[in-house]
Each structure stands twice: as structure tokens, then as C-alpha cells.
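One structure is given here, and the rest of the page talks about it.
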Amino acid sequence: MALRKIVLKTDDVLRKKCKNVEIFDEKLGILLDDMAETMYKANGVGLAAPQVGILRRAVVVDTGEGLLELVNPEIIKAKGSQRDVEGCLSCPEEWGYVVRPMEIVVKAQDRHGKFIQLKLKEFFARAVCHELDHLEGRLFIDIADEMVDPAELEQESNKKTTRKK
Ligand code: NI
């Protein structure tokens, strides 16, 4: 495994729509391993392939319930709504409120191409929605309805919801 460089919001690569993964080979496994290592090192809860410069539909998420790898993910059902503060590893020092569904059903493939379907809610659903936006070239700062002063967040910095994705 190796750490990859996380690109910042000024990089055009974050503004492009990602292509489906079509080949489930060792290279994909290495990418996913590297993404997980990079996410953990940065103390993030999610990372999408374009954040390491790869325009393919692959994300990793770990909100404390174990590592989840999603390849070619799609939200097939969404229910309810929640509004909370988000951050992004590609947007250091920026925080803002984003409305997301409370519950989602995601269909995806694993690193071997096997189809999986998951029902996720609350913070886990938020994290996955944030990562899927990256695959469309969309950042949370585009859809935040209110930005937050980082100083105000400092006292709450241990809150799980304010960890970056
Ligand atoms: Ni992000």
C-alpha cells in the first residue's frame, strides 16, 4: 500500500465526471488499498478516486463501522432528510451545512466486480452521498446552504460529524 496525494479543490480533476470501472483487476485493488490508507492517514471518513487524481467511480468510506469499498456506486432509493456540517479532505479549513437524505439504498460492486446492495442511514448515508457527489465532479461547497466559521467548530472538533470526507 502507498499513500497518494490528495488533490485540492482548485484542481480541475475534481470537477470532472468519473467513468465506470470496467476492469476488476489487481490495479483496482491497489487503488482501493491506497485510497483507504490515504483516508486513514488524513483522519478522514471517506475518499473518492478523483481526490487522488483518478477519474473512476470508486470510493472508500469508514465512519467507524469498518471499511466499505464501493465501485460504480448508485443510489437507488433515498428517504427523508438530515442537515449537518460537512468538511472535505480536498477543501481544508472549510465547513458548511449540507442537506442529505436520512436513509439511502446503494447498489455497487466490490473490488472483484460482485454486486452488493446496502441500506445506510444517518452519518453513514451522509458520508456515502458526499463521496458519490465527488464522482459527478460536485463538491460539498457547491451545495452547502450555510458555511461555518472554522473557529466556531473548534470546540466541537471531536464530533464525528465534522470529520472530513
Ligand atoms: Ni470530499
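Letters A, B, ... mark the chains of the C-alpha cells in the order given; residue numbers begin at 1 per chain; ligand numbers begin at 1, in order shown.
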Find the residues near ligand 1. Use a cut-off of 10 Å, count only C-alpha atoms and all ligand atoms, and write them as an mmCIF file with all heavy atoms, in the first residue's frame.
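Result went into out-v1.cif, see below:
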data_model
loop_
_atom_site.group_PDB
_atom_site.id
_atom_site.type_symbol
_atom_site.label_atom_id
_atom_site.label_comp_id
_atom_site.auth_asym_id
_atom_site.auth_seq_id
_atom_site.Cartn_x
_atom_site.Cartn_y
_atom_site.Cartn_z
ATOM 1 N N LEU A 8 -6.477 19.193 -4.174
ATOM 2 C CA LEU A 8 -7.282 20.237 -3.550
ATOM 3 C C LEU A 8 -8.295 20.804 -4.530
ATOM 4 O O LEU A 8 -8.222 20.568 -5.741
ATOM 5 C CB LEU A 8 -6.372 21.335 -3.007
ATOM 6 C CG LEU A 8 -5.410 20.845 -1.901
ATOM 7 C CD1 LEU A 8 -4.524 21.973 -1.411
ATOM 8 C CD2 LEU A 8 -6.177 20.211 -0.729
ATOM 9 N N LYS A 9 -9.231 21.557 -3.989
ATOM 10 C CA LYS A 9 -10.401 21.983 -4.768
ATOM 11 C C LYS A 9 -10.075 22.814 -6.003
ATOM 12 O O LYS A 9 -10.882 22.889 -6.924
ATOM 13 C CB LYS A 9 -11.379 22.741 -3.879
ATOM 14 C CG LYS A 9 -10.872 24.066 -3.375
ATOM 15 C CD LYS A 9 -11.997 24.869 -2.738
ATOM 16 C CE LYS A 9 -11.495 26.233 -2.324
ATOM 17 N NZ LYS A 9 -12.543 27.060 -1.718
ATOM 18 N N LEU A 14 -11.172 17.502 -9.916
ATOM 19 C CA LEU A 14 -12.325 17.355 -9.004
ATOM 20 C C LEU A 14 -13.630 17.829 -9.625
ATOM 21 O O LEU A 14 -14.689 17.706 -9.021
ATOM 22 C CB LEU A 14 -12.071 18.125 -7.707
ATOM 23 C CG LEU A 14 -10.995 17.546 -6.791
ATOM 24 C CD1 LEU A 14 -10.759 18.461 -5.598
ATOM 25 C CD2 LEU A 14 -11.375 16.148 -6.316
ATOM 26 N N GLY A 44 -9.684 10.966 7.717
ATOM 27 C CA GLY A 44 -10.957 11.222 7.063
ATOM 28 C C GLY A 44 -11.907 10.052 7.230
ATOM 29 O O GLY A 44 -11.519 8.981 7.685
ATOM 30 N N VAL A 45 -13.150 10.274 6.839
ATOM 31 C CA VAL A 45 -14.139 9.188 6.913
ATOM 32 C C VAL A 45 -14.556 8.700 5.522
ATOM 33 O O VAL A 45 -15.361 7.785 5.402
ATOM 34 C CB VAL A 45 -15.389 9.599 7.710
ATOM 35 C CG1 VAL A 45 -15.031 9.856 9.164
ATOM 36 C CG2 VAL A 45 -16.070 10.806 7.091
ATOM 37 N N GLY A 46 -14.000 9.339 4.497
ATOM 38 C CA GLY A 46 -14.315 8.916 3.141
ATOM 39 C C GLY A 46 -13.345 9.532 2.156
ATOM 40 O O GLY A 46 -12.738 10.571 2.430
ATOM 41 N N LEU A 47 -13.176 8.843 1.021
ATOM 42 C CA LEU A 47 -12.305 9.381 -0.026
ATOM 43 C C LEU A 47 -12.772 8.810 -1.362
ATOM 44 O O LEU A 47 -13.086 7.617 -1.461
ATOM 45 C CB LEU A 47 -10.849 8.978 0.246
ATOM 46 C CG LEU A 47 -9.779 9.682 -0.588
ATOM 47 C CD1 LEU A 47 -9.626 11.146 -0.166
ATOM 48 C CD2 LEU A 47 -8.432 8.981 -0.470
ATOM 49 N N ALA A 48 -12.835 9.667 -2.363
ATOM 50 C CA ALA A 48 -13.256 9.242 -3.703
ATOM 51 C C ALA A 48 -12.040 9.263 -4.634
ATOM 52 O O ALA A 48 -11.122 10.073 -4.457
ATOM 53 C CB ALA A 48 -14.340 10.195 -4.223
ATOM 54 N N PRO A 50 -11.357 10.458 -7.577
ATOM 55 C CA PRO A 50 -10.874 11.728 -8.149
ATOM 56 C C PRO A 50 -10.054 12.559 -7.158
ATOM 57 O O PRO A 50 -9.226 13.369 -7.568
ATOM 58 C CB PRO A 50 -12.161 12.460 -8.559
ATOM 59 C CG PRO A 50 -13.268 11.760 -7.849
ATOM 60 C CD PRO A 50 -12.827 10.342 -7.685
ATOM 61 N N GLN A 51 -10.248 12.322 -5.864
ATOM 62 C CA GLN A 51 -9.462 13.056 -4.870
ATOM 63 C C GLN A 51 -7.997 12.623 -4.854
ATOM 64 O O GLN A 51 -7.159 13.298 -4.262
ATOM 65 C CB GLN A 51 -10.055 12.888 -3.460
ATOM 66 C CG GLN A 51 -11.390 13.610 -3.302
ATOM 67 C CD GLN A 51 -11.924 13.461 -1.890
ATOM 68 O OE1 GLN A 51 -12.509 12.446 -1.545
ATOM 69 N NE2 GLN A 51 -11.712 14.465 -1.055
ATOM 70 N N GLU A 86 -20.531 19.502 7.112
ATOM 71 C CA GLU A 86 -19.607 18.628 6.388
ATOM 72 C C GLU A 86 -18.296 19.338 6.123
ATOM 73 O O GLU A 86 -18.241 20.559 6.025
ATOM 74 C CB GLU A 86 -20.203 18.220 5.019
ATOM 75 C CG GLU A 86 -21.190 17.109 5.135
ATOM 76 C CD GLU A 86 -21.725 16.619 3.788
ATOM 77 O OE1 GLU A 86 -21.029 16.738 2.757
ATOM 78 O OE2 GLU A 86 -22.850 16.113 3.801
ATOM 79 N N GLY A 87 -17.264 18.527 5.966
ATOM 80 C CA GLY A 87 -15.978 19.020 5.509
ATOM 81 C C GLY A 87 -15.481 18.063 4.449
ATOM 82 O O GLY A 87 -16.090 17.018 4.218
ATOM 83 N N CYS A 88 -14.375 18.423 3.801
ATOM 84 C CA CYS A 88 -13.855 17.586 2.722
ATOM 85 C C CYS A 88 -12.334 17.641 2.755
ATOM 86 O O CYS A 88 -11.766 18.723 2.945
ATOM 87 C CB CYS A 88 -14.377 18.119 1.382
ATOM 88 S SG CYS A 88 -13.755 17.213 -0.042
ATOM 89 N N LEU A 89 -11.684 16.496 2.566
ATOM 90 C CA LEU A 89 -10.218 16.472 2.586
ATOM 91 C C LEU A 89 -9.624 17.339 1.472
ATOM 92 O O LEU A 89 -8.468 17.747 1.559
ATOM 93 C CB LEU A 89 -9.708 15.032 2.468
ATOM 94 C CG LEU A 89 -10.011 14.128 3.677
ATOM 95 C CD1 LEU A 89 -9.682 12.679 3.354
ATOM 96 C CD2 LEU A 89 -9.269 14.588 4.920
ATOM 97 N N SER A 90 -10.417 17.623 0.440
ATOM 98 C CA SER A 90 -9.930 18.463 -0.658
ATOM 99 C C SER A 90 -10.208 19.952 -0.426
ATOM 100 O O SER A 90 -9.827 20.778 -1.254
ATOM 101 C CB SER A 90 -10.568 18.019 -1.978
ATOM 102 O OG SER A 90 -10.170 16.696 -2.282
ATOM 103 N N CYS A 91 -10.902 20.268 0.654
ATOM 104 C CA CYS A 91 -11.240 21.670 0.959
ATOM 105 C C CYS A 91 -10.831 21.977 2.406
ATOM 106 O O CYS A 91 -11.701 22.128 3.278
ATOM 107 C CB CYS A 91 -12.734 21.923 0.812
ATOM 108 S SG CYS A 91 -13.471 21.361 -0.715
ATOM 109 N N PRO A 92 -9.523 22.037 2.679
ATOM 110 C CA PRO A 92 -9.096 22.234 4.069
ATOM 111 C C PRO A 92 -9.676 23.525 4.653
ATOM 112 O O PRO A 92 -9.815 24.512 3.926
ATOM 113 C CB PRO A 92 -7.573 22.353 3.965
ATOM 114 C CG PRO A 92 -7.208 21.841 2.628
ATOM 115 C CD PRO A 92 -8.395 22.008 1.744
ATOM 116 N N ALA A 127 -22.048 10.357 4.510
ATOM 117 C CA ALA A 127 -20.681 10.177 4.008
ATOM 118 C C ALA A 127 -20.697 9.591 2.589
ATOM 119 O O ALA A 127 -19.953 10.028 1.708
ATOM 120 C CB ALA A 127 -19.891 9.279 4.959
ATOM 121 N N VAL A 128 -21.558 8.606 2.366
ATOM 122 C CA VAL A 128 -21.628 7.983 1.037
ATOM 123 C C VAL A 128 -22.159 8.983 0.007
ATOM 124 O O VAL A 128 -21.631 9.083 -1.105
ATOM 125 C CB VAL A 128 -22.465 6.682 1.086
ATOM 126 C CG1 VAL A 128 -22.797 6.196 -0.313
ATOM 127 C CG2 VAL A 128 -21.692 5.602 1.857
ATOM 128 N N CYS A 129 -23.162 9.767 0.366
ATOM 129 C CA CYS A 129 -23.684 10.787 -0.568
ATOM 130 C C CYS A 129 -22.585 11.790 -0.943
ATOM 131 O O CYS A 129 -22.459 12.179 -2.109
ATOM 132 C CB CYS A 129 -24.859 11.538 0.059
ATOM 133 S SG CYS A 129 -26.358 10.554 0.190
ATOM 134 N N HIS A 130 -21.797 12.191 0.050
ATOM 135 C CA HIS A 130 -20.697 13.136 -0.185
ATOM 136 C C HIS A 130 -19.692 12.553 -1.193
ATOM 137 O O HIS A 130 -19.277 13.236 -2.133
ATOM 138 C CB HIS A 130 -20.008 13.445 1.155
ATOM 139 C CG HIS A 130 -18.826 14.346 1.066
ATOM 140 N ND1 HIS A 130 -18.811 15.632 1.565
ATOM 141 C CD2 HIS A 130 -17.584 14.140 0.538
ATOM 142 C CE1 HIS A 130 -17.613 16.169 1.324
ATOM 143 N NE2 HIS A 130 -16.854 15.286 0.710
ATOM 144 N N GLU A 131 -19.354 11.269 -0.999
ATOM 145 C CA GLU A 131 -18.387 10.637 -1.911
ATOM 146 C C GLU A 131 -18.960 10.475 -3.319
ATOM 147 O O GLU A 131 -18.258 10.665 -4.311
ATOM 148 C CB GLU A 131 -17.930 9.272 -1.377
ATOM 149 C CG GLU A 131 -17.210 9.298 -0.048
ATOM 150 C CD GLU A 131 -16.219 10.432 0.109
ATOM 151 O OE1 GLU A 131 -15.525 10.765 -0.865
ATOM 152 O OE2 GLU A 131 -16.162 10.995 1.210
ATOM 153 N N LEU A 132 -20.238 10.116 -3.402
ATOM 154 C CA LEU A 132 -20.845 9.948 -4.724
ATOM 155 C C LEU A 132 -20.903 11.270 -5.478
ATOM 156 O O LEU A 132 -20.753 11.294 -6.701
ATOM 157 C CB LEU A 132 -22.241 9.302 -4.616
ATOM 158 C CG LEU A 132 -22.201 7.769 -4.770
ATOM 159 C CD1 LEU A 132 -21.382 7.098 -3.689
ATOM 160 C CD2 LEU A 132 -23.587 7.186 -4.844
ATOM 161 N N ASP A 133 -21.073 12.371 -4.755
ATOM 162 C CA ASP A 133 -21.012 13.690 -5.394
ATOM 163 C C ASP A 133 -19.649 13.910 -6.048
ATOM 164 O O ASP A 133 -19.571 14.474 -7.149
ATOM 165 C CB ASP A 133 -21.250 14.802 -4.368
ATOM 166 C CG ASP A 133 -22.729 15.101 -4.170
ATOM 167 O OD1 ASP A 133 -23.574 14.539 -4.896
ATOM 168 O OD2 ASP A 133 -23.046 15.937 -3.288
ATOM 169 N N HIS A 134 -18.592 13.474 -5.387
ATOM 170 C CA HIS A 134 -17.244 13.627 -5.972
ATOM 171 C C HIS A 134 -17.167 12.956 -7.352
ATOM 172 O O HIS A 134 -16.484 13.446 -8.242
ATOM 173 C CB HIS A 134 -16.181 12.987 -5.067
ATOM 174 C CG HIS A 134 -15.703 13.878 -3.951
ATOM 175 N ND1 HIS A 134 -15.069 15.085 -4.187
ATOM 176 C CD2 HIS A 134 -15.743 13.734 -2.606
ATOM 177 C CE1 HIS A 134 -14.748 15.640 -3.023
ATOM 178 N NE2 HIS A 134 -15.148 14.845 -2.047
ATOM 179 N N ARG A 138 -18.816 17.119 -8.189
ATOM 180 C CA ARG A 138 -19.505 18.083 -7.320
ATOM 181 C C ARG A 138 -18.866 18.051 -5.928
ATOM 182 O O ARG A 138 -18.559 16.983 -5.408
ATOM 183 C CB ARG A 138 -20.978 17.680 -7.236
ATOM 184 C CG ARG A 138 -21.914 18.695 -6.645
ATOM 185 C CD ARG A 138 -23.359 18.441 -7.086
ATOM 186 N NE ARG A 138 -23.769 17.093 -6.780
ATOM 187 C CZ ARG A 138 -24.340 16.262 -7.673
ATOM 188 N NH1 ARG A 138 -24.572 16.652 -8.910
ATOM 189 N NH2 ARG A 138 -24.684 15.048 -7.322
ATOM 190 N N LEU A 139 -18.681 19.247 -5.362
ATOM 191 C CA LEU A 139 -18.102 19.362 -4.019
ATOM 192 C C LEU A 139 -19.165 19.864 -3.045
ATOM 193 O O LEU A 139 -20.120 20.537 -3.454
ATOM 194 C CB LEU A 139 -16.930 20.346 -4.037
ATOM 195 C CG LEU A 139 -15.760 19.986 -4.954
ATOM 196 C CD1 LEU A 139 -14.697 21.080 -4.917
ATOM 197 C CD2 LEU A 139 -15.146 18.649 -4.550
ATOM 198 N N PHE A 140 -18.973 19.581 -1.759
ATOM 199 C CA PHE A 140 -19.997 19.994 -0.782
ATOM 200 C C PHE A 140 -20.147 21.505 -0.730
ATOM 201 O O PHE A 140 -21.226 22.010 -0.432
ATOM 202 C CB PHE A 140 -19.685 19.405 0.612
ATOM 203 C CG PHE A 140 -18.784 20.257 1.461
ATOM 204 C CD1 PHE A 140 -19.313 21.154 2.375
ATOM 205 C CD2 PHE A 140 -17.409 20.175 1.347
ATOM 206 C CE1 PHE A 140 -18.500 21.956 3.161
ATOM 207 C CE2 PHE A 140 -16.581 20.974 2.120
ATOM 208 C CZ PHE A 140 -17.118 21.872 3.024
ATOM 209 N N ILE A 141 -19.075 22.223 -1.047
ATOM 210 C CA ILE A 141 -19.153 23.694 -1.013
ATOM 211 C C ILE A 141 -20.106 24.233 -2.090
ATOM 212 O O ILE A 141 -20.578 25.349 -1.990
ATOM 213 C CB ILE A 141 -17.756 24.351 -1.164
ATOM 214 C CG1 ILE A 141 -16.985 23.736 -2.340
ATOM 215 C CG2 ILE A 141 -16.944 24.218 0.121
ATOM 216 C CD1 ILE A 141 -15.652 24.411 -2.631
ATOM 217 N N LYS A 164 -13.629 14.965 8.057
ATOM 218 C CA LYS A 164 -13.646 15.268 6.628
ATOM 219 C C LYS A 164 -13.753 14.035 5.739
ATOM 220 O O LYS A 164 -13.382 12.945 6.129
ATOM 221 C CB LYS A 164 -12.401 16.077 6.264
ATOM 222 C CG LYS A 164 -12.458 17.460 6.855
ATOM 223 C CD LYS A 164 -11.263 18.294 6.445
ATOM 224 C CE LYS A 164 -11.406 19.722 6.937
ATOM 225 N NZ LYS A 164 -12.177 20.538 6.013
ATOM 226 N N LYS A 165 -14.278 14.295 4.529
ATOM 227 C CA LYS A 165 -14.553 13.201 3.614
ATOM 228 C C LYS A 165 -13.809 13.408 2.304
ATOM 229 O O LYS A 165 -14.066 14.292 1.612
ATOM 230 C CB LYS A 165 -16.044 13.126 3.338
ATOM 231 C CG LYS A 165 -16.833 13.002 4.620
ATOM 232 C CD LYS A 165 -18.320 13.162 4.342
ATOM 233 C CE LYS A 165 -19.127 13.148 5.620
ATOM 234 N NZ LYS A 165 -19.169 14.474 6.236
#
Enumerate, in order of chain and increasing residue number, the residues of range 104-138 of chain A with an atom no farther than 9 Å from range 62-76 of chain A, each with its shortest atom pair and distance in Å to one decimal, counting only C-alpha atoms, as CSV.
residue,atom,partner,partner_atom,distance
A:Ile104,CA,A:Ile75,CA,6.6
A:Val105,CA,A:Ile76,CA,5.7
A:Val106,CA,A:Ile75,CA,4.5
A:Lys107,CA,A:Glu74,CA,5.3
A:Ala108,CA,A:Pro73,CA,4.1
A:Gln109,CA,A:Val71,CA,4.9
A:Asp110,CA,A:Val71,CA,5.8
A:Arg111,CA,A:Val71,CA,6.8
A:Gly113,CA,A:Val71,CA,7.9
A:Ile116,CA,A:Leu70,CA,8.8
A:Phe123,CA,A:Thr63,CA,7.5
A:Phe124,CA,A:Thr63,CA,6.2
A:Ala127,CA,A:Thr63,CA,7.6
A:Cys129,CA,A:Ile75,CA,8.3
A:Leu132,CA,A:Pro73,CA,7.3
Atom-to-atom span, CA of Arg15 in chain A and CA of Leu135 in chain A, Å: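 Distance reported for this atom pair: 8.9 Å.
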Distance query Pro150 in chain A at most 7 Å, only C-alpha atoms, self and fewer than 3 positions along chain excluded, as a list in words: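 Once the nearby chain positions are removed, what remains is Glu93, Glu94, Trp95, Leu153 and Glu154 of chain A.
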Could those selected residues go to a file with N, CA and C atoms, as a PDB file, in the first residue's frame?
ATOM      1  N   GLU A  93     -10.016  23.478   5.907  1.00  0.00           N
ATOM      2  CA  GLU A  93     -10.499  24.659   6.634  1.00  0.00           C
ATOM      3  C   GLU A  93     -11.848  25.168   6.168  1.00  0.00           C
ATOM      4  N   GLU A  94     -12.577  24.366   5.408  1.00  0.00           N
ATOM      5  CA  GLU A  94     -13.921  24.808   5.019  1.00  0.00           C
ATOM      6  C   GLU A  94     -14.943  23.841   5.581  1.00  0.00           C
ATOM      7  N   TRP A  95     -16.013  24.418   6.100  1.00  0.00           N
ATOM      8  CA  TRP A  95     -17.080  23.630   6.701  1.00  0.00           C
ATOM      9  C   TRP A  95     -18.413  24.258   6.322  1.00  0.00           C
ATOM     10  N   LEU A 153     -16.187  25.844  15.098  1.00  0.00           N
ATOM     11  CA  LEU A 153     -16.255  24.384  15.115  1.00  0.00           C
ATOM     12  C   LEU A 153     -15.202  23.769  16.024  1.00  0.00           C
ATOM     13  N   GLU A 154     -14.183  24.553  16.338  1.00  0.00           N
ATOM     14  CA  GLU A 154     -13.040  24.002  17.049  1.00  0.00           C
ATOM     15  C   GLU A 154     -13.426  23.255  18.320  1.00  0.00           C
TER      16      GLU A 154
END
Test item: residues at most 7 Å from Val98 in chain A, only C-alpha atoms, excluding those fewer than 6 positions along its chain, as a list in words: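 Answer for this query is Arg83, Asp84, Val85, Glu86, Ile143, Ala144 and Asp145 of chain A.
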All strand (DSSP E) residues (DSSP, backbone) inside range 34-158 of chain A, as a PyMOL selection string: chain A and resi 46-48+58-61+68-79+82-88+91-100+103-109+115-121+146-148
Among listed residues A:Lys41, A:Arg100, A:Arg57, A:Arg4, nearest Lys17 in chain A (using only C-alpha atoms):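 Residue with the minimum atom-to-atom distance to Lys17 in chain A: A:Arg57.
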Straight-line distance linking CA of Asp142 in chain A with CA of Gln117 in chain A, stated in Å to one decimal: 28.0 Å
Close residues, Val52 in chain A itself excluded, 9 Å, only C-alpha atoms, min 3 positions apart in chain, as a list in words: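 The residues satisfying every condition are Arg4, Lys5, Ile6, Val7, Met35, Thr38, Leu47, Ala48, Ala49 and Leu55 of chain A.
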